[in-house]
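Source file: input_4.tsv; contents: TSV, C-alpha atoms.
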chain	number	residue	atom	x	y	z
A	1	MET	CA	131.41	83.84	138.69
A	2	ARG	CA	128.08	82.27	139.43
A	3	THR	CA	126.50	85.71	139.80
A	4	TYR	CA	127.80	86.81	136.38
A	5	LEU	CA	126.56	83.59	134.79
A	6	SER	CA	123.13	84.05	136.33
A	7	ALA	CA	122.96	87.66	135.11
A	8	ALA	CA	123.99	86.60	131.61
A	9	LEU	CA	121.35	83.86	131.49
A	10	SER	CA	118.72	86.32	132.72
A	11	ALA	CA	119.69	88.77	129.97
A	12	VAL	CA	119.50	86.02	127.34
A	13	LEU	CA	116.09	84.91	128.61
A	14	LEU	CA	114.83	88.51	128.55
A	15	VAL	CA	115.99	89.09	124.97
A	16	LEU	CA	114.69	85.74	123.69
A	17	LEU	CA	111.22	86.24	125.13
A	18	THR	CA	111.09	89.85	123.94
A	19	LEU	CA	111.73	88.68	120.37
A	20	LEU	CA	109.82	85.38	120.46
A	21	VAL	CA	106.54	86.87	121.68
A	22	PRO	CA	105.86	89.07	118.63
A	23	PHE	CA	107.42	86.59	116.19
A	24	GLY	CA	105.42	83.68	117.62
A	25	ALA	CA	102.16	85.65	117.70
A	26	LEU	CA	102.56	86.86	114.10
A	27	SER	CA	103.52	83.47	112.67
A	28	ALA	CA	100.62	81.75	114.45
A	29	TRP	CA	98.27	84.51	113.22
A	30	VAL	CA	99.33	84.03	109.60
A	31	ASP	CA	99.01	80.26	109.81
A	32	LEU	CA	95.82	79.95	111.88
A	33	GLU	CA	93.81	83.02	110.82
A	34	LEU	CA	95.06	84.78	107.72
A	35	ASP	CA	95.55	81.55	105.76
A	36	ASP	CA	92.30	79.95	106.92
A	37	THR	CA	89.25	80.96	104.86
A	38	ASP	CA	86.68	80.30	107.59
A	39	ARG	CA	88.61	82.25	110.24
A	40	TYR	CA	89.26	85.05	107.75
A	41	LEU	CA	85.54	85.31	107.01
A	42	ALA	CA	84.68	85.15	110.70
A	43	ALA	CA	86.94	88.18	111.24
A	44	VAL	CA	85.68	90.36	108.37
A	45	SER	CA	82.02	89.29	108.18
A	46	PRO	CA	80.92	91.62	111.03
A	47	LEU	CA	82.28	94.56	109.00
A	48	ALA	CA	79.07	94.45	106.98
A	49	SER	CA	77.65	96.48	109.90
A	50	ASP	CA	80.64	98.85	110.15
A	51	ALA	CA	79.74	102.46	109.29
A	52	GLU	CA	83.06	103.12	107.51
A	53	VAL	CA	82.64	100.06	105.31
A	54	GLN	CA	79.01	100.85	104.55
A	55	GLU	CA	79.87	104.43	103.57
A	56	THR	CA	82.80	103.30	101.42
A	57	VAL	CA	80.64	100.74	99.61
A	58	ALA	CA	77.77	103.21	99.08
A	59	GLY	CA	80.18	105.81	97.69
A	60	LEU	CA	81.84	103.41	95.27
A	61	VAL	CA	78.50	102.02	94.08
A	62	THR	CA	77.14	105.54	93.51
A	63	ASP	CA	80.25	106.73	91.67
A	64	GLU	CA	80.15	103.75	89.32
A	65	ALA	CA	76.44	104.13	88.67
A	66	MET	CA	76.63	107.85	87.89
A	67	LYS	CA	79.17	107.24	85.13
A	68	ASN	CA	76.30	105.93	82.99
A	69	ILE	CA	73.63	108.43	84.01
A	70	ASP	CA	73.35	112.02	82.73
A	71	LEU	CA	70.33	113.97	83.93
A	72	GLY	CA	71.66	117.47	83.42
A	73	PRO	CA	70.47	119.82	86.20
A	74	LEU	CA	69.03	116.84	88.11
A	75	GLN	CA	72.39	115.04	88.23
A	76	ASP	CA	73.22	116.00	91.81
A	77	THR	CA	69.73	115.09	93.01
A	78	ALA	CA	69.91	111.70	91.30
A	79	GLU	CA	73.39	111.08	92.74
A	80	GLN	CA	72.25	111.86	96.28
A	81	PHE	CA	69.20	109.64	95.83
A	82	LEU	CA	71.30	106.71	94.60
A	83	HIS	CA	73.80	107.20	97.42
A	84	ASP	CA	71.06	107.21	100.05
A	85	THR	CA	69.50	104.11	98.50
A	86	ALA	CA	72.83	102.31	98.35
A	87	ARG	CA	73.60	103.34	101.95
A	88	SER	CA	70.21	102.00	103.04
A	89	PHE	CA	70.90	98.74	101.22
A	90	THR	CA	74.09	98.22	103.24
A	91	THR	CA	71.93	97.64	106.34
A	92	THR	CA	70.08	94.68	104.80
A	93	GLU	CA	70.63	90.94	105.03
A	94	ALA	CA	71.17	90.83	101.25
A	95	PHE	CA	74.17	93.13	101.65
A	96	ARG	CA	75.64	90.93	104.38
A	97	ARG	CA	75.39	87.91	102.09
A	98	ALA	CA	76.95	89.83	99.22
A	99	TRP	CA	79.72	91.10	101.53
A	100	ASP	CA	80.56	87.56	102.67
A	101	SER	CA	80.60	86.37	99.07
A	102	ALA	CA	82.93	89.19	98.05
A	103	ASN	CA	85.27	88.48	100.96
A	104	ARG	CA	85.42	84.75	100.25
A	105	THR	CA	86.75	85.66	96.81
A	106	ALA	CA	89.00	88.34	98.34
A	107	HIS	CA	90.61	85.78	100.63
A	108	ARG	CA	91.89	83.88	97.62
A	109	ALA	CA	93.43	87.15	96.41
A	110	VAL	CA	95.03	87.72	99.83
A	111	THR	CA	96.71	84.32	99.91
A	112	ALA	CA	97.73	84.53	96.24
A	113	SER	CA	99.24	87.99	96.69
A	114	LEU	CA	101.10	87.33	99.93
A	115	HIS	CA	102.34	83.84	99.11
A	116	GLY	CA	102.61	83.99	95.31
A	117	ASP	CA	104.46	86.12	92.79
A	118	ASP	CA	101.62	87.92	91.05
A	119	GLY	CA	102.53	91.42	92.23
A	120	ARG	CA	98.90	92.50	92.36
A	121	ALA	CA	97.08	94.62	94.91
A	122	VAL	CA	94.76	92.91	97.39
A	123	THR	CA	91.21	94.11	96.75
A	124	ILE	CA	87.61	93.30	97.62
A	125	ASP	CA	85.52	93.18	94.45
A	126	LEU	CA	82.14	94.81	95.05
A	127	ALA	CA	80.51	93.53	91.86
A	128	PRO	CA	78.23	91.14	93.82
A	129	VAL	CA	77.18	94.07	96.01
A	130	ILE	CA	76.49	96.32	93.01
A	131	GLU	CA	74.42	93.55	91.44
A	132	GLU	CA	72.27	93.30	94.58
A	133	VAL	CA	71.83	97.10	94.71
A	134	LYS	CA	70.83	97.21	91.06
A	135	LYS	CA	68.33	94.38	91.54
A	136	GLU	CA	66.71	96.15	94.49
A	137	LEU	CA	66.47	99.48	92.67
A	138	VAL	CA	65.02	97.88	89.54
A	139	ASP	CA	62.47	95.97	91.64
A	140	ASP	CA	61.49	99.26	93.31
A	141	GLY	CA	60.99	100.94	89.93
A	142	VAL	CA	63.79	103.48	90.41
A	143	PRO	CA	64.40	105.40	87.14
A	144	PHE	CA	67.66	104.57	85.31
A	145	ALA	CA	68.46	101.74	87.74
A	146	ASP	CA	68.72	99.33	84.83
A	147	ARG	CA	71.64	101.41	83.51
A	148	ILE	CA	73.82	100.78	86.55
A	149	PRO	CA	76.79	98.73	85.25
A	150	VAL	CA	77.70	95.58	87.14
A	151	VAL	CA	81.49	95.73	86.73
A	152	GLU	CA	84.46	95.10	88.99
A	153	THR	CA	84.56	97.92	91.53
A	154	SER	CA	87.01	97.25	94.31
A	155	ILE	CA	88.11	98.40	97.74
A	156	THR	CA	91.90	98.29	97.86
A	157	VAL	CA	93.03	96.62	101.09
A	158	LEU	CA	96.74	96.30	100.29
A	159	SER	CA	98.57	98.03	97.43
A	160	ALA	CA	100.73	96.03	95.03
A	161	ASP	CA	103.91	97.72	96.32
A	162	ARG	CA	103.11	96.90	99.94
A	163	ALA	CA	102.22	93.32	98.99
A	164	ASP	CA	105.62	92.97	97.30
A	165	GLU	CA	107.38	94.33	100.40
A	166	LEU	CA	105.53	92.01	102.78
A	167	ARG	CA	105.63	88.84	100.68
A	168	SER	CA	108.97	87.45	101.90
A	169	SER	CA	108.10	88.17	105.52
A	170	PHE	CA	104.75	86.40	105.23
A	171	ARG	CA	106.39	83.39	103.63
A	172	TRP	CA	108.74	83.05	106.58
A	173	LEU	CA	105.92	83.49	109.07
A	174	ARG	CA	103.81	80.91	107.26
A	175	TYR	CA	106.72	78.46	107.16
A	176	CYS	CA	107.37	78.84	110.90
A	177	SER	CA	103.68	78.27	111.68
A	178	VAL	CA	102.89	77.89	115.39
A	179	TRP	CA	106.34	76.63	116.42
A	180	PRO	CA	107.78	79.96	117.61
A	181	ALA	CA	104.73	80.35	119.87
A	182	VAL	CA	105.26	76.80	121.17
A	183	GLY	CA	108.93	77.62	121.73
A	184	THR	CA	107.94	80.70	123.72
A	185	VAL	CA	105.78	78.63	126.07
A	186	VAL	CA	108.48	75.95	126.46
A	187	LEU	CA	111.11	78.57	127.24
A	188	LEU	CA	108.79	80.27	129.69
A	189	VAL	CA	108.27	77.04	131.62
A	190	LEU	CA	111.65	75.37	131.21
A	191	VAL	CA	114.07	78.14	132.21
A	192	PRO	CA	112.38	79.20	135.49
A	193	GLY	CA	111.83	75.51	136.29
A	194	LEU	CA	115.52	74.69	135.85
A	195	ALA	CA	116.42	77.77	137.87
A	196	PHE	CA	114.27	76.52	140.75
A	197	VAL	CA	115.83	73.04	140.58
A	198	ARG	CA	119.45	74.10	140.23
A	199	GLY	CA	119.60	77.44	142.03
A	200	GLY	CA	116.88	77.26	144.63
A	201	ARG	CA	113.89	79.46	145.32
A	202	ARG	CA	115.62	82.84	144.93
A	203	ALA	CA	117.11	81.91	141.56
A	204	GLY	CA	113.78	80.52	140.40
A	205	LEU	CA	111.89	83.64	141.43
A	206	THR	CA	114.47	85.80	139.69
A	207	ALA	CA	113.95	83.79	136.50
A	208	VAL	CA	110.19	84.17	136.85
A	209	ALA	CA	110.52	87.95	137.22
A	210	VAL	CA	112.86	88.14	134.22
A	211	ALA	CA	110.49	86.00	132.14
A	212	GLY	CA	107.63	88.30	133.09
A	213	GLY	CA	109.65	91.29	132.01
A	214	GLY	CA	110.39	89.58	128.68
A	215	LEU	CA	106.69	88.99	128.12
A	216	VAL	CA	105.85	92.62	128.87
A	217	LEU	CA	108.52	93.88	126.48
A	218	GLY	CA	107.45	91.34	123.84
A	219	ALA	CA	103.82	92.43	124.14
A	220	ALA	CA	104.86	96.05	123.71
A	221	LEU	CA	106.92	95.13	120.65
A	222	LEU	CA	103.98	93.24	119.15
A	223	ARG	CA	101.66	96.20	119.69
A	224	ILE	CA	104.16	98.50	117.99
A	225	ALA	CA	104.46	96.07	115.07
A	226	VAL	CA	100.67	96.00	114.60
A	227	ALA	CA	100.46	99.80	114.70
A	228	VAL	CA	103.39	100.30	112.31
A	229	GLY	CA	101.97	97.66	109.98
A	230	ARG	CA	98.65	99.51	109.95
A	231	ASP	CA	100.28	102.79	108.99
A	232	ARG	CA	102.35	101.18	106.24
A	233	VAL	CA	99.43	99.24	104.78
A	234	LEU	CA	97.10	102.26	104.71
A	235	ASP	CA	99.79	104.66	103.49
A	236	GLN	CA	99.37	103.59	99.85
A	237	VAL	CA	95.64	102.86	99.88
A	238	PRO	CA	93.60	105.39	97.86
A	239	GLY	CA	91.86	107.98	100.03
A	240	THR	CA	88.37	106.87	99.03
A	241	ASP	CA	89.15	103.30	100.12
A	242	ARG	CA	91.07	104.11	103.29
A	243	GLY	CA	88.15	103.95	105.71
A	244	GLY	CA	87.08	100.52	104.49
A	245	ALA	CA	90.67	99.24	104.33
A	246	ALA	CA	91.32	100.43	107.89
A	247	ALA	CA	88.24	98.60	109.13
A	248	VAL	CA	89.37	95.39	107.38
A	249	TYR	CA	92.91	95.67	108.79
A	250	ASP	CA	91.62	96.28	112.31
A	251	ALA	CA	89.24	93.32	112.07
A	252	LEU	CA	91.96	90.98	110.85
A	253	THR	CA	94.43	92.07	113.55
A	254	ALA	CA	91.91	92.07	116.42
A	255	SER	CA	93.23	88.72	117.66
A	256	LEU	CA	96.77	90.13	117.73
A	257	ARG	CA	95.66	93.08	119.85
A	258	THR	CA	93.89	90.67	122.20
A	259	THR	CA	97.11	88.64	122.39
A	260	VAL	CA	98.98	91.81	123.37
A	261	TRP	CA	96.75	92.36	126.40
A	262	ILE	CA	96.82	88.72	127.48
A	263	VAL	CA	100.61	88.48	127.26
A	264	LEU	CA	101.00	91.87	128.94
A	265	LEU	CA	98.80	90.79	131.85
A	266	VAL	CA	100.57	87.44	132.29
A	267	GLY	CA	103.96	89.12	132.06
A	268	ALA	CA	103.05	91.77	134.63
A	269	VAL	CA	101.76	89.13	137.06
A	270	LEU	CA	104.94	87.04	136.68
A	271	ALA	CA	107.25	90.04	136.98
A	272	VAL	CA	105.56	91.45	140.08
A	273	GLY	CA	105.09	88.01	141.61
A	274	GLY	CA	108.74	87.10	141.04
A	275	VAL	CA	110.05	90.36	142.52
A	276	VAL	CA	107.73	90.24	145.54
A	277	GLY	CA	108.50	86.56	146.11
A	278	ARG	CA	112.25	87.20	145.98
A	279	VAL	CA	111.95	90.11	148.42
A	280	MET	CA	109.88	88.02	150.84
A	281	THR	CA	112.31	85.11	150.57
A	282	GLY	CA	115.22	87.44	151.31
A	283	ARG	CA	113.50	88.78	154.44
A	284	ARG	CA	112.86	85.29	155.73
A	285	GLY	CA	116.47	84.41	155.12
Whole structure given in structure tokens:
Amino acid sequence: MRTYLSAALSAVLLVLLTLLVPFGALSAWVDLELDDTDRYLAAVSPLASDAEVQETVAGLVTDEAMKNIDLGPLQDTAEQFLHDTARSFTTTEAFRRAWDSANRTAHRAVTASLHGDDGRAVTIDLAPVIEEVKKELVDDGVPFADRIPVVETSITVLSADRADELRSSFRWLRYCSVWPAVGTVVLLVLVPGLAFVRGGRRAGLTAVAVAGGGLVLGAALLRIAVAVGRDRVLDQVPGTDRGGAAAVYDALTASLRTTVWIVLLVGAVLAVGGVVGRVMTGRRG
């Protein structure tokens, strides 16, 4: 009877940790990073140097500018020139400032879309970037630069349909905050500790091994969730925006991927340590 009870408790511990790890990591991520403006900016600010983002921005700026310019047979030459100039601008400090400004505004759209009821897509408005490009071209005396319109030109990060699908999930994650992660740590410490006290060394080491296995499975589940989320988010993003949107998604979920490796390593150490310890204890007995 005691053996069956121990096996049942081990199975429960395994399942709980497998589910709590991804749930705890995601809820803490929403509360501590996605909802926090400074942490959000810290994650996406380095993307000003990302080649995919720079190319996406240069392409959008050029497309918008060429709508107001008609040079006949010189149209293609002018378009290439503007694209090269815009691409060069994306390597400057002015672009980085404009990118940060655009993303500070975008963060408000992220929180409003995921936690509100507006049903709008999440976008990054590049108007501040276009304004900086126009200013530089005008200052350099580039022909027709003054005809570049400074209007809302956006990179779509999350479509309206995907935002609607994710809204209820994000609300639950935000509500739970860091407590599922705290519960994971408490469970990880409490159950093996009680097993050591009540069942002795072998029972405690078994619980440690099972807990390690739960962490490994939970880390794998979290990694799958991040990958599936990436595919679903990018699935409805326009093709011209997909490179930039992918870079933004990867930057925002970098901490989750780091969490996967940390939890996986800790879980593997506990699982192997528990199994080896149990085997060694059995030999001594």
To one decimal in Å, tell me the separation between CA of Glu64 in chain A and CA of Ala251 in chain A. 26.6 Å
Ala195 in chain A: which residues within 6 Å, counting only C-alpha atoms, same-chain residues fewer than 4 positions away excluded, as a ChimeraX atom specification? /A:199,203-204
Go ahead and write the selection's residues with C-alpha atoms as an mmCIF file, in the coordinates of the input.
data_model
loop_
_atom_site.group_PDB
_atom_site.id
_atom_site.type_symbol
_atom_site.label_atom_id
_atom_site.label_comp_id
_atom_site.auth_asym_id
_atom_site.auth_seq_id
_atom_site.Cartn_x
_atom_site.Cartn_y
_atom_site.Cartn_z
ATOM 1 C CA GLY A 199 119.600 77.440 142.030
ATOM 2 C CA ALA A 203 117.110 81.910 141.560
ATOM 3 C CA GLY A 204 113.780 80.520 140.400
#
So which residues touch Glu52 in chain A within 8 Å, counting only C-alpha atoms, skipping near sequence neighbours fewer than 3 positions away, as a ChimeraX atom specification? /A:55-56,243-244,247
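For the choices A:Leu187, A:Val248, A:Val269, A:Leu126, the atom-to-atom distance to Leu60 in chain A is smallest for A:Leu126 when using only C-alpha atoms.
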As an exercise, work out the distance from CA of Gly274 in chain A to CA of Val208 in chain A in Å and give it to one decimal place. 5.3 Å
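Using only C-alpha atoms, the shortest contact distance between Leu9 in chain A and any of A:Ala42, A:Arg230, A:Ala112, A:Val210 is found at A:Val210.
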Can you list, as an MDAnalysis selection string, every protein, DNA or RNA residue that comes within 10 Å of Thr111 in chain A when you count all atoms listed in the file, leaving out same-chain residues fewer than 4 positions away? chainID A and resid 34:37 106:107 115:116 122 170
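When CA of Ala227 in chain A is paired with CA of Ala254 in chain A, their separation reads 11.7 Å.
Shortest atom-to-atom contact with Arg162 in chain A among A:Leu234, A:Met66, A:Ala51, A:Val15: A:Leu234, counting all atoms listed in the file.
When all atoms listed in the file are used to compute distances to Gly229 in chain A, the closest of the residues A:Leu13, A:Ala246, A:Val138, A:Val186 turns out to be A:Ala246.
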Which centre and which edge lengths, in Å to one decimal, describe the axis-aligned box that holds all listed atoms of range 20-26 of chain A after 6 Å is added on each side, as AutoDock Vina command-line options?
--center_x 106.0 --center_y 86.4 --center_z 117.9 --size_x 19.7 --size_y 17.4 --size_z 19.6
Using all atoms listed in the file: which of A:Gly239, A:Gly218, A:Pro149, A:Pro180 has the shortest distance to Asn68 in chain A: A:Pro149
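In terms of minimum interatomic distance to Thr184 in chain A, A:Val263 ranks closest within A:Ser45, A:Asp139, A:Val263, A:Gln54, counting only C-alpha atoms.
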